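Heads up: the structure comes next, in structure tokens.
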Amino acid sequence: MADAERLPQPVLQAPRRRRGRRSSVRSWRRTDQLIWALAWLAGIGVCVVVGAIVAFLTAKGLGALSPKLLVTRPSPSVDQSGSGGFLDPIIGTLTLAAIGTLIATPLALMTAVWVVEYGRPRWLAATVETSIEMVAATPDIVLAIFGLALFQFGILAPLSFRGSGGGVYGRSFFAAGITMSLIALPLTYTATRNGLRSTPRQLREASYALGKTRAATIRRVLVPRVRSDVATGATLGMGRIIGSTAIVVLLLGATLQNSSQGSVPLLGFLRGTGSTLTSYVLENSPAGEGNAPQKAYAAAFVLLLIVLVLNAIVARISRIGDAAGLSAGRLSL
Amino acid sequence: MSIDPLIIDRPEGPPAPHVTSNTLRAVASQTRPERMRLSDISVFYDGVPAVRQASLSIHQGEVLALIGPSGCGKTTLLRTLNRLTELTPNASHSGRITLDGDDIHELEDTRLRTRVSMVFQQPNPFPMSIFDNVAFALREQSRRRPRRRELEPLVTQALQRAGLYDEVRDNLDRPALRLSGGQQQRLCIARAIATEPEILLMDEPCSALDPRSTAVIEKLILQLRSELAVVIVTHNLQQARRVADRVAFMYLGDLVELGTADQLFDAPREERTRDYIAGAFG
């Protein structure tokens with residue numbers, strides 16, 4: 001080794017990269033040409049559609065958007081100029097996203113850990129996986145109906161809005177947020193499970209070889225390793241939550257303004273009813289009763305911006321995870 | 001103890017290593033206490049034997065190399081020493097392994113693995129800082145979580161013993177995954193020896209490293225030998241010759257021959273050993 005180290009090293013300079021001759025598409029088989037063309041068309045077509053949506057909403061929404069709309073509460077008025085903005089729906093959107101994500105994320109993480117690291121008996125693990133797939137496939141309106149029935153039961157009544165006559169409506173930020181967590185759960189679970197499954201076996205063995213228990217290995221090695229996957233899944237789930245309308249209409253009331261119940265500051269708000277950007281867009285669109293399409297476009301544009309920001313966050317988290325060799329793969333909204 | 005005539009007759013060459021010849025080292029190791037003994041160990045995967053009735057002993061202060069072609073059972077035998085084969089659902093075994101006279105299957109697996117530690121072929125630092133990687137091995141040894149200032153001297157000592165401290169001392173909170181391959185492997189060694197194990201198992205620790213890093217690791221193995229017993233699996237016959245006191249040759253699950261490094265490489269008793277070392281197969 002000492003002799004090898006003393007040998008003079010020739011100075012090499014990397015040449016300019018040049019490509020060798022490649023076959024042209026014209027020389028391919030007809031089937032391959034067709035598939036190549038369809039692949040290009042599909043990719044470009046999707047870009048055109050997405051671009052059209054963004055361009056349309058930007059053109060319609062940006063023109064109608066003003067800073068005043070973002071900071072003014074909506075108010076009933078026969079005159080659109082006095083009907084206020086959509087501050088309450090923005091708060092409602094963020095509140096539901098927070099409640100749903102805070103419930104779904106730890107639940108998804110613990111479920112994924114159990115399925116991947118324990119998963120016995122096998123039939124139970126298979127049942128859990130199937131259940132989560134069923135939740136993912138269940139339409140929002142079905143989950144909303146289920147949530148409505150659930151939160152009208154006596155035991156969950158404290159979480160619901162109660163009318164002046166004492167009737168339990170089954171509606172509140174609590175009710176909507178908890179039900180929303182079901183639509184975020186499959187996304188967070190899948191991302192976490194894939195992250196755990198892609199973790200090399202050697203990493204677990206390295207921990208066991210140091211005398212660590214399985215629980216310590218999961219807590220100190222595996223969960224930190226899939227942090228970016230959990231964050232990606234949670235962000236995707238958040239995107240699903242803010243895009244849901246059916247649950248908002250049935251379980252939040254989709255009222256014009258957020259209204260609290262009770263005098264306790266945060267608890268009263270969460271037990272109250274309100275709206276989100278999606279229900280606001282529905283209400284004010286040409287198909288709704290508000291008849292304020294300009295404001296609907298503005299709210300839709302804000303919603304689109306939130307989605308784009310979340311997508312950028314997911315991309316950033318994935319890049320950080322990839323750079324550290326940690327994430328299972330890149331997903332997006 | 002007579003002096004090996006090969007030492008006197010060896011022609012001029014590179015300076016002799018700081019240790020004496022393999023023969024003298026092996027003789028010295030045999031006088032050291034026995035730490036582990038394998039008696040008729042057989043390991044099966046789905047009922048198919050991967051190791052057949054292997055018996056050998058491991059002594060304090062020696063390096064025992066397991067060599068043989070791929071699939072001969074070297075790694076399986078190594079993983080049996082700290083019961084890692086139990087992690088494989090379809091694995092079973094027969095025979096007895098003792099550590100200081102105690103059957104290792106009567107010991108708690110977690111406790112056993114702090115005494116018989118392991119370094120793997122691919123460097124596998126955890127996604128933590130350099131400090132936390134080494135401290136991970138030391139934490140949760142008791143109910144009370146030790147503070148960082150309690151762990152610092154132990155982490156520093158482990159990194160120094162692994163020959164890594166001088167390269168990372170400026171920032172121990174740097175992510176371990178940003179180290180080079182050779183540094184990561186030394187970090188894994190530091191992590192493995194942090195708990196002061198009695199036996200260190202190494203499964204081809206240099207196979208994924210460049211020659212420069214390999215030389216550093218081999219030097220480290222020779223230094224660690226004075227403190228504990230090292231069992232190393234290697235495909236590299238020259239490496240086995242450089243670092244090992246005793247060498248065990250395995251073939252198709254059988255422990256064919258066990259002897260000092262000089263004896264095995266210069267005068268193997270078994271024909272299969274002779275053929276393997278000559279490169280006839282493997």
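A note on labels: chains of the structure tokens are A, B, ... as shown, every chain counts residues from 1, and ligands are counted from 1 in their shown order.
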
**OP:** Using only C-alpha atoms, select each residue of chain A with any atom at most 6 Å away from an atom of chain B, and give the selection as a PyMOL selection string.
**Re:** chain A and resi 209-212

Write the residues you've just listed into a file as an mmCIF file, in the first residue's frame, and include C-alpha atoms for each of them.
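Listed below is the output, again.cif:
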data_model
loop_
_atom_site.group_PDB
_atom_site.id
_atom_site.type_symbol
_atom_site.label_atom_id
_atom_site.label_comp_id
_atom_site.auth_asym_id
_atom_site.auth_seq_id
_atom_site.Cartn_x
_atom_site.Cartn_y
_atom_site.Cartn_z
ATOM 1 C CA ALA A 209 -27.047 -6.131 16.940
ATOM 2 C CA LEU A 210 -26.402 -3.334 19.422
ATOM 3 C CA GLY A 211 -28.716 -4.979 21.916
ATOM 4 C CA LYS A 212 -31.758 -2.806 21.266
#

Subject >> Secondary structure check, helix (DSSP H, G or I) residues of range 136-172 of chain A, as a PyMOL selection string >> reply: chain A and resi 136-137+140-150+154-159

Store the residues of this selection in a file with C-alpha atoms, as a PDB file, in the first residue's frame.
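Saved the output as part11.pdb:
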ATOM      1  CA  ALA A 136     -59.678   5.584   0.709  1.00  0.00           C
ATOM      2  CA  ALA A 137     -62.213   4.390  -1.828  1.00  0.00           C
ATOM      3  CA  ASP A 140     -66.679  11.803   0.888  1.00  0.00           C
ATOM      4  CA  ILE A 141     -70.463  12.070   0.958  1.00  0.00           C
ATOM      5  CA  VAL A 142     -70.747   8.576   2.420  1.00  0.00           C
ATOM      6  CA  LEU A 143     -68.230   9.442   5.123  1.00  0.00           C
ATOM      7  CA  ALA A 144     -70.166  12.634   5.752  1.00  0.00           C
ATOM      8  CA  ILE A 145     -73.460  10.779   6.242  1.00  0.00           C
ATOM      9  CA  PHE A 146     -71.737   8.401   8.630  1.00  0.00           C
ATOM     10  CA  GLY A 147     -70.220  11.292  10.529  1.00  0.00           C
ATOM     11  CA  LEU A 148     -73.565  13.055  10.762  1.00  0.00           C
ATOM     12  CA  ALA A 149     -75.198  10.018  12.347  1.00  0.00           C
ATOM     13  CA  LEU A 150     -72.240   9.473  14.670  1.00  0.00           C
ATOM     14  CA  GLY A 154     -75.633  11.368  22.895  1.00  0.00           C
ATOM     15  CA  ILE A 155     -72.092  10.397  23.787  1.00  0.00           C
ATOM     16  CA  LEU A 156     -70.570  12.636  21.120  1.00  0.00           C
ATOM     17  CA  ALA A 157     -73.077  15.424  21.549  1.00  0.00           C
ATOM     18  CA  PRO A 158     -70.662  17.603  23.521  1.00  0.00           C
ATOM     19  CA  LEU A 159     -68.589  17.864  20.364  1.00  0.00           C
TER      20      LEU A 159
END

Run DSSP on the backbone and grab whatever in range 17-197 of chain B lands in strand (DSSP E or B); send it over as an mmCIF file with C-alpha atoms, in the first residue's frame.
data_model
loop_
_atom_site.group_PDB
_atom_site.id
_atom_site.type_symbol
_atom_site.label_atom_id
_atom_site.label_comp_id
_atom_site.auth_asym_id
_atom_site.auth_seq_id
_atom_site.Cartn_x
_atom_site.Cartn_y
_atom_site.Cartn_z
ATOM 1 C CA GLU B 34 -11.384 -18.859 25.836
ATOM 2 C CA ARG B 35 -14.408 -16.612 25.536
ATOM 3 C CA MET B 36 -16.757 -18.508 23.265
ATOM 4 C CA ARG B 37 -17.086 -22.128 22.346
ATOM 5 C CA LEU B 38 -19.188 -23.606 19.546
ATOM 6 C CA SER B 39 -20.036 -27.276 19.925
ATOM 7 C CA ASP B 40 -21.544 -29.104 16.939
ATOM 8 C CA ILE B 41 -23.411 -26.095 15.680
ATOM 9 C CA SER B 42 -25.733 -26.754 12.760
ATOM 10 C CA VAL B 43 -27.975 -24.081 11.237
ATOM 11 C CA PHE B 44 -30.907 -24.807 8.971
ATOM 12 C CA TYR B 45 -33.026 -22.646 6.695
ATOM 13 C CA VAL B 48 -31.864 -27.279 4.666
ATOM 14 C CA PRO B 49 -28.512 -27.211 6.504
ATOM 15 C CA ALA B 50 -26.444 -24.096 5.899
ATOM 16 C CA VAL B 51 -23.857 -24.962 8.557
ATOM 17 C CA ARG B 52 -23.072 -28.533 9.571
ATOM 18 C CA GLN B 53 -21.760 -29.456 12.987
ATOM 19 C CA ALA B 54 -19.172 -26.723 13.320
ATOM 20 C CA SER B 55 -17.039 -26.679 16.442
ATOM 21 C CA LEU B 56 -14.463 -24.077 17.318
ATOM 22 C CA SER B 57 -13.401 -21.765 20.083
ATOM 23 C CA ILE B 58 -12.810 -18.027 20.203
ATOM 24 C CA HIS B 59 -10.139 -16.605 22.438
ATOM 25 C CA VAL B 63 -8.573 -12.351 15.361
ATOM 26 C CA LEU B 64 -10.316 -15.392 13.946
ATOM 27 C CA ALA B 65 -11.049 -15.190 10.224
ATOM 28 C CA LEU B 66 -13.761 -17.253 8.552
ATOM 29 C CA ILE B 67 -12.981 -17.765 4.872
ATOM 30 C CA ALA B 91 -34.031 -20.520 10.555
ATOM 31 C CA SER B 92 -33.386 -23.189 13.188
ATOM 32 C CA HIS B 93 -30.256 -24.548 14.792
ATOM 33 C CA SER B 94 -28.825 -27.350 16.894
ATOM 34 C CA GLY B 95 -25.733 -27.543 19.047
ATOM 35 C CA ARG B 96 -24.463 -25.340 21.796
ATOM 36 C CA ILE B 97 -22.689 -22.011 21.988
ATOM 37 C CA THR B 98 -21.324 -20.750 25.248
ATOM 38 C CA LEU B 99 -20.027 -17.358 26.238
ATOM 39 C CA ASP B 102 -22.952 -19.686 29.776
ATOM 40 C CA ASP B 103 -25.225 -20.960 27.037
ATOM 41 C CA VAL B 116 -21.135 -9.753 21.354
ATOM 42 C CA SER B 117 -21.370 -6.799 19.024
ATOM 43 C CA MET B 118 -21.429 -6.768 15.243
ATOM 44 C CA VAL B 119 -20.306 -4.695 12.268
ATOM 45 C CA SER B 129 -25.786 12.834 14.038
ATOM 46 C CA PRO B 175 -25.374 14.010 10.080
#

Subject >> Gap from CA of Leu236 in chain A to CA of Leu308 in chain A - Å, one decimal >> reply: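 The value is 11.4 Å.
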
Subject >> Interatomic distance, CA of Gly73 in chain B to CA of Ile221 in chain B (Å, one decimal) >> reply: 22.5 Å

Original post:
Can you list, as a ChimeraX atom specification, every protein, DNA or RNA residue that comes within 10 Å of Arg169 in chain B when you count only C-alpha atoms, leaving out same-chain residues fewer than 2 positions away?
Top reply: /B:130-131,156,159-160,164-167,171-173

For the residues selected in the previous step, produce a file with N, CA and C atoms as a tab-separated table (two decimals), in the first residue's frame.
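Done, and the output landed in selection.tsv:
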chain	number	residue	atom	x	y	z
B	130	ILE	N	-23.47	12.16	14.19
B	130	ILE	CA	-22.35	11.28	14.54
B	130	ILE	C	-22.41	10.95	16.02
B	131	PHE	N	-22.64	11.97	16.82
B	131	PHE	CA	-22.69	11.79	18.27
B	131	PHE	C	-23.82	10.82	18.64
B	156	THR	N	-16.60	10.07	22.90
B	156	THR	CA	-15.26	10.49	22.46
B	156	THR	C	-14.29	9.31	22.49
B	159	LEU	N	-15.01	6.88	19.61
B	159	LEU	CA	-14.56	7.43	18.33
B	159	LEU	C	-13.03	7.41	18.23
B	160	GLN	N	-12.37	7.64	19.35
B	160	GLN	CA	-10.91	7.59	19.34
B	160	GLN	C	-10.42	6.17	19.09
B	164	LEU	N	-11.56	7.59	14.44
B	164	LEU	CA	-12.37	8.53	13.67
B	164	LEU	C	-12.43	9.90	14.32
B	165	TYR	N	-12.08	9.98	15.59
B	165	TYR	CA	-12.35	11.20	16.34
B	165	TYR	C	-11.69	12.43	15.73
B	166	ASP	N	-10.43	12.29	15.34
B	166	ASP	CA	-9.71	13.45	14.83
B	166	ASP	C	-10.35	14.03	13.56
B	167	GLU	N	-11.06	13.18	12.82
B	167	GLU	CA	-11.66	13.65	11.56
B	167	GLU	C	-13.02	14.29	11.77
B	171	ASN	N	-17.23	18.82	14.64
B	171	ASN	CA	-18.69	18.91	14.66
B	171	ASN	C	-19.30	17.53	14.78
B	172	LEU	N	-19.51	17.10	15.99
B	172	LEU	CA	-20.08	15.77	16.21
B	172	LEU	C	-21.57	15.73	15.94
B	173	ASP	N	-22.18	16.90	15.74
B	173	ASP	CA	-23.62	16.92	15.48
B	173	ASP	C	-23.93	16.92	13.99

Need to verify the contact set: range 180-184 of chain A, 12 Å, only C-alpha atoms, exclusion of same-chain residues closer than 5 positions in sequence. Can you return it as a CSV table (one decimal) with N, CA and C atoms, in the first residue's frame?
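Saved to around_16.csv:
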chain,number,residue,atom,x,y,z
A,93,THR,N,-61.0,26.6,6.6
A,93,THR,CA,-60.2,25.7,5.8
A,93,THR,C,-59.0,25.3,6.7
A,95,THR,N,-58.5,25.5,9.9
A,95,THR,CA,-58.9,24.7,11.1
A,95,THR,C,-59.2,23.3,10.8
A,96,LEU,N,-59.9,23.0,9.8
A,96,LEU,CA,-60.2,21.6,9.4
A,96,LEU,C,-59.0,20.9,9.0
A,97,ALA,N,-58.1,21.5,8.3
A,97,ALA,CA,-56.9,20.9,7.8
A,97,ALA,C,-56.0,20.5,9.1
A,98,ALA,N,-56.0,21.4,10.0
A,98,ALA,CA,-55.2,21.2,11.3
A,98,ALA,C,-55.8,20.0,12.1
A,99,ILE,N,-57.1,20.1,12.3
A,99,ILE,CA,-57.7,19.0,13.1
A,99,ILE,C,-57.6,17.7,12.4
A,100,GLY,N,-57.9,17.6,11.1
A,100,GLY,CA,-57.8,16.4,10.4
A,100,GLY,C,-56.4,15.8,10.4
A,101,THR,N,-55.4,16.7,10.2
A,101,THR,CA,-54.0,16.2,10.1
A,101,THR,C,-53.5,15.8,11.4
A,102,LEU,N,-53.9,16.5,12.5
A,102,LEU,CA,-53.4,16.2,13.8
A,102,LEU,C,-53.9,14.8,14.3
A,103,ILE,N,-55.1,14.5,13.9
A,103,ILE,CA,-55.7,13.2,14.2
A,103,ILE,C,-55.2,12.1,13.3
A,104,ALA,N,-55.1,12.3,12.0
A,104,ALA,CA,-54.8,11.3,11.1
A,104,ALA,C,-53.3,10.9,11.2
A,105,THR,N,-52.4,11.8,11.4
A,105,THR,CA,-51.0,11.5,11.3
A,105,THR,C,-50.5,10.5,12.3
A,106,PRO,N,-50.8,10.8,13.6
A,106,PRO,CA,-50.3,9.7,14.6
A,106,PRO,C,-51.0,8.4,14.4
A,107,LEU,N,-52.3,8.5,14.0
A,107,LEU,CA,-53.0,7.2,13.8
A,107,LEU,C,-52.4,6.4,12.6
A,108,ALA,N,-52.1,7.1,11.6
A,108,ALA,CA,-51.5,6.5,10.4
A,108,ALA,C,-50.2,5.9,10.7
A,131,SER,N,-59.1,-2.5,5.2
A,131,SER,CA,-60.0,-1.4,5.7
A,131,SER,C,-59.5,0.0,5.3
A,132,ILE,N,-58.2,0.2,5.4
A,132,ILE,CA,-57.7,1.5,5.0
A,132,ILE,C,-58.0,1.7,3.5
A,133,GLU,N,-57.8,0.7,2.7
A,133,GLU,CA,-58.1,0.9,1.2
A,133,GLU,C,-59.6,1.2,1.0
A,134,MET,N,-60.4,0.6,1.9
A,134,MET,CA,-61.9,0.9,1.7
A,134,MET,C,-62.2,2.3,2.1
A,135,VAL,N,-61.5,2.8,3.1
A,135,VAL,CA,-61.8,4.1,3.6
A,135,VAL,C,-61.3,5.1,2.4
A,136,ALA,N,-60.2,4.7,1.8
A,136,ALA,CA,-59.7,5.6,0.7
A,136,ALA,C,-60.7,5.6,-0.5
A,137,ALA,N,-61.3,4.5,-0.7
A,137,ALA,CA,-62.2,4.4,-1.8
A,137,ALA,C,-63.6,4.9,-1.5
A,138,THR,N,-63.9,5.1,-0.3
A,138,THR,CA,-65.3,5.6,0.1
A,138,THR,C,-65.5,7.0,-0.3
A,139,PRO,N,-66.6,7.3,-1.0
A,139,PRO,CA,-66.8,8.7,-1.3
A,139,PRO,C,-67.0,9.6,-0.1
A,140,ASP,N,-66.6,10.9,-0.2
A,140,ASP,CA,-66.7,11.8,0.9
A,140,ASP,C,-68.1,11.9,1.4
A,141,ILE,N,-69.1,11.9,0.5
A,141,ILE,CA,-70.5,12.1,1.0
A,141,ILE,C,-70.9,10.9,1.9
A,142,VAL,N,-70.4,9.7,1.6
A,142,VAL,CA,-70.7,8.6,2.4
A,142,VAL,C,-70.1,8.7,3.8
A,143,LEU,N,-68.9,9.2,3.8
A,143,LEU,CA,-68.2,9.4,5.1
A,143,LEU,C,-69.0,10.5,5.9
A,144,ALA,N,-69.5,11.5,5.1
A,144,ALA,CA,-70.2,12.6,5.8
A,144,ALA,C,-71.5,12.2,6.4
A,146,PHE,N,-72.1,9.2,7.5
A,146,PHE,CA,-71.7,8.4,8.6
A,146,PHE,C,-71.4,9.3,9.8
A,147,GLY,N,-70.6,10.4,9.5
A,147,GLY,CA,-70.2,11.3,10.5
A,147,GLY,C,-71.4,12.0,11.1
A,172,SER,N,-70.2,20.6,13.6
A,172,SER,CA,-69.2,21.4,14.3
A,172,SER,C,-67.9,21.2,13.6
A,173,PHE,N,-67.0,22.1,14.0
A,173,PHE,CA,-65.6,21.9,13.5
A,173,PHE,C,-65.0,20.6,14.0
A,174,PHE,N,-65.4,20.2,15.2
A,174,PHE,CA,-65.0,18.9,15.7
A,174,PHE,C,-65.4,17.8,14.8
A,175,ALA,N,-66.7,17.8,14.6
A,175,ALA,CA,-67.4,16.7,13.8
A,175,ALA,C,-66.7,16.7,12.4
A,189,TYR,N,-51.0,7.0,5.8
A,189,TYR,CA,-50.7,5.6,6.1
A,189,TYR,C,-49.8,5.0,5.0
A,190,THR,N,-50.3,5.2,3.7
A,190,THR,CA,-49.6,4.6,2.6
A,190,THR,C,-48.1,5.2,2.5
A,191,ALA,N,-48.0,6.5,2.6
A,191,ALA,CA,-46.6,7.0,2.5
A,191,ALA,C,-45.7,6.5,3.7
A,230,VAL,N,-43.6,10.5,6.4
A,230,VAL,CA,-44.8,10.9,7.2
A,230,VAL,C,-45.2,12.3,6.8
A,232,THR,N,-44.7,13.9,4.0
A,232,THR,CA,-45.2,13.9,2.7
A,232,THR,C,-46.7,13.5,2.7
A,233,GLY,N,-46.9,12.4,3.4
A,233,GLY,CA,-48.3,11.8,3.5
A,233,GLY,C,-49.2,12.8,4.2
A,234,ALA,N,-48.7,13.4,5.3
A,234,ALA,CA,-49.6,14.3,6.0
A,234,ALA,C,-49.9,15.5,5.1
A,235,THR,N,-49.0,16.0,4.3
A,235,THR,CA,-49.2,17.1,3.5
A,235,THR,C,-50.2,16.8,2.4
A,236,LEU,N,-50.1,15.6,1.8
A,236,LEU,CA,-51.0,15.1,0.8
A,236,LEU,C,-52.4,15.0,1.4
A,237,GLY,N,-52.5,14.5,2.7
A,237,GLY,CA,-53.8,14.4,3.3
A,237,GLY,C,-54.4,15.7,3.6
A,238,MET,N,-53.6,16.7,3.9
A,238,MET,CA,-54.0,18.0,4.1
A,238,MET,C,-54.7,18.6,2.8
A,239,GLY,N,-54.0,18.3,1.7
A,239,GLY,CA,-54.6,18.7,0.4
A,239,GLY,C,-55.9,18.1,0.1
A,240,ARG,N,-56.1,16.8,0.5
A,240,ARG,CA,-57.4,16.2,0.3
A,240,ARG,C,-58.5,16.9,1.2
A,241,ILE,N,-58.1,17.2,2.4
A,241,ILE,CA,-59.0,17.8,3.4
A,241,ILE,C,-59.5,19.1,2.9
A,242,ILE,N,-58.6,20.0,2.4
A,242,ILE,CA,-59.0,21.3,2.0
A,242,ILE,C,-59.8,21.3,0.7
A,243,GLY,N,-59.7,20.2,0.0
A,243,GLY,CA,-60.5,20.1,-1.2
A,243,GLY,C,-61.9,19.4,-1.1
A,244,SER,N,-62.2,19.0,0.2
A,244,SER,CA,-63.4,18.3,0.4
A,244,SER,C,-64.6,19.3,0.6
A,245,THR,N,-65.7,19.0,-0.1
A,245,THR,CA,-66.9,19.8,0.1
A,245,THR,C,-68.0,19.1,0.8
A,246,ALA,N,-68.3,17.9,0.5
A,246,ALA,CA,-69.4,17.2,1.0
A,246,ALA,C,-69.4,17.1,2.6
A,247,ILE,N,-68.2,16.9,3.1
A,247,ILE,CA,-68.1,16.8,4.6
A,247,ILE,C,-68.4,18.2,5.2
A,248,VAL,N,-67.9,19.2,4.5
A,248,VAL,CA,-68.1,20.6,5.0
A,248,VAL,C,-69.6,20.9,5.0
A,250,LEU,N,-72.2,18.9,5.1
A,250,LEU,CA,-73.1,18.1,6.0
A,250,LEU,C,-72.7,18.3,7.5
A,251,LEU,N,-71.4,18.4,7.7
A,251,LEU,CA,-70.9,18.4,9.1
A,251,LEU,C,-70.4,19.7,9.6
A,252,LEU,N,-70.3,20.7,8.8
A,252,LEU,CA,-69.9,22.0,9.3
A,252,LEU,C,-71.0,23.0,9.1
A,333,LEU,N,-49.7,16.0,-4.8
A,333,LEU,CA,-51.2,16.2,-4.8
A,333,LEU,C,-51.8,16.0,-6.1

**OP:** Identify, on the basis of only C-alpha atoms, every residue whose closest approach to range 255-259 of chain B does not exceed 8 Å; exclude the query and any residue fewer than 3 positions from it along the same chain; express the result as an MDAnalysis selection string.
**Re:** chainID B and resid 52:55 246:251 263:264 269:270 272:273
